[in-house]
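A short worksheet on the structure shown next.
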Amino acid sequence: MALKPPVTNLDHIQGNSNASIELVEYGDYQCPYCAEFYYVIKELQNQLGTNLKFIFRNFPLEMHPNALHAAIATEVLAKYNKFWPMHDMLYENQAYLHDKNLINYAEKLGVNEQQFEQDFKDKSFADKVEKDFESGLRSGVNGTPSLYINNKKYEGEYSLDAILTYIKPLL
Amino acid sequence: MLKNSIKAPDFKLSATPDKQISLSEFIGKKIILVFYPADWSPVCGDELAIFSSSLKLFEKYNVQILGISVDSKWSHAAFSENRKLKFPLLADFEPKGAISIKYEAYSTATGTSKRAIYLIDGMGIIRWSYLSPDNINPGVDGVLDALENLIGEK
């Protein structure tokens, strides 16, 4: 199954934009498997270095009551070039994702409460999350996390070893 | 699985401890009928959670989603509350699996519904179906494409 739409410059991209491996994750900030997988991604980035380009797309499930606001908060922080620090902050503090925690994290990253709340009300950030979600539905996301490697859905095991084994021939 | 273009068999099943739902009451609305093996198993949870989170998109297309398994209405009520599902789960409980059998989506080996999806149009006609392996959650892209094709035909 293919990634729809493919990665564009509207996506949040980390790493070498010309890398031979393009890894897209659809994730939910409140999903425990995604929080575990966050560390797998860090290790993949560590091992693959400039061979890896990593993209994160939002897929907040309704069964996780704080996931949507958490996702919108990362999009707000993206306006201040702090998407990735916020992303990391949320996965590293997954037990604390209430609105007041999100405000705290934003402040720690240099966006004050008033500014954050004002941006949060701007519908464009929620729209971005919804667009990500819809693209996930169309790409066949069937749980979180779901991975796409070089445009194709990754159907293997979500362990570091399994992913590295899959990626090696593509390098 | 039943073939496309035939009339979807009607049914009347419990949706909550005190409410029954029949297929015929949805005439005029498109239906996505999601058969799944069991409440509480992790794969099903994911599948239904994704359908539930996609409701906004499906509502744009005037679609009603109905989940269906052989679990009891009491199990469904607890499961639905736990997973915050926003569409009805029907109990194909007594006689066990009767509707799943009619839709050729029942496994006698496991005594549960198979993992199958039917798209039924506003006239009650089956327009698309998909049978997935029990342990693989199909996602919603297949039925979404089928739905858009169906709307494109008009």
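Naming works like this for the structure tokens: A, B, ... for the chains as they're shown, residue 1 at the start of each chain, ligands 1 onward in shown order.
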
Quiz item: Given a cut-off of 9 Å, which residues of chain B touch chain A, counting only C-alpha atoms, written out as an MDAnalysis selection string?
Solution: chainID B and resid 43 46:47 49:50 52:54 57 82:85 136:142 144:145

Quiz item: Hey, what's within 12 Å of Ile41 of chain A if we count only C-alpha atoms and toss same-chain stuff fewer than 5 positions away? As a ChimeraX atom specification, please?
Solution: /A:14-15,23-25,27,34-36,46-49,52-56,88,91,145,147,158-161,163-164

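The interatomic distance for the pair atom CA of Ala109 of chain B and atom CA of Ile32 of chain B works out to 25.4 Å.
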
Exercise. Pick out each residue of chain B that DSSP on the backbone tags as helix (DSSP H, G or I); I need them as a count of residues only.
Key: 51

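Straight-line separation from atom CA of Lys131 of chain A to atom CA of Leu10 of chain A: 11.0 Å.
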
Quiz prompt | Distance of atom CA of Ala116 of chain B from atom CA of Met1 of chain B, expressed in Å to one decimal place | solution =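 Computing the Euclidean distance for atom CA of Met1 of chain B and atom CA of Ala116 of chain B yields 8.4 Å.
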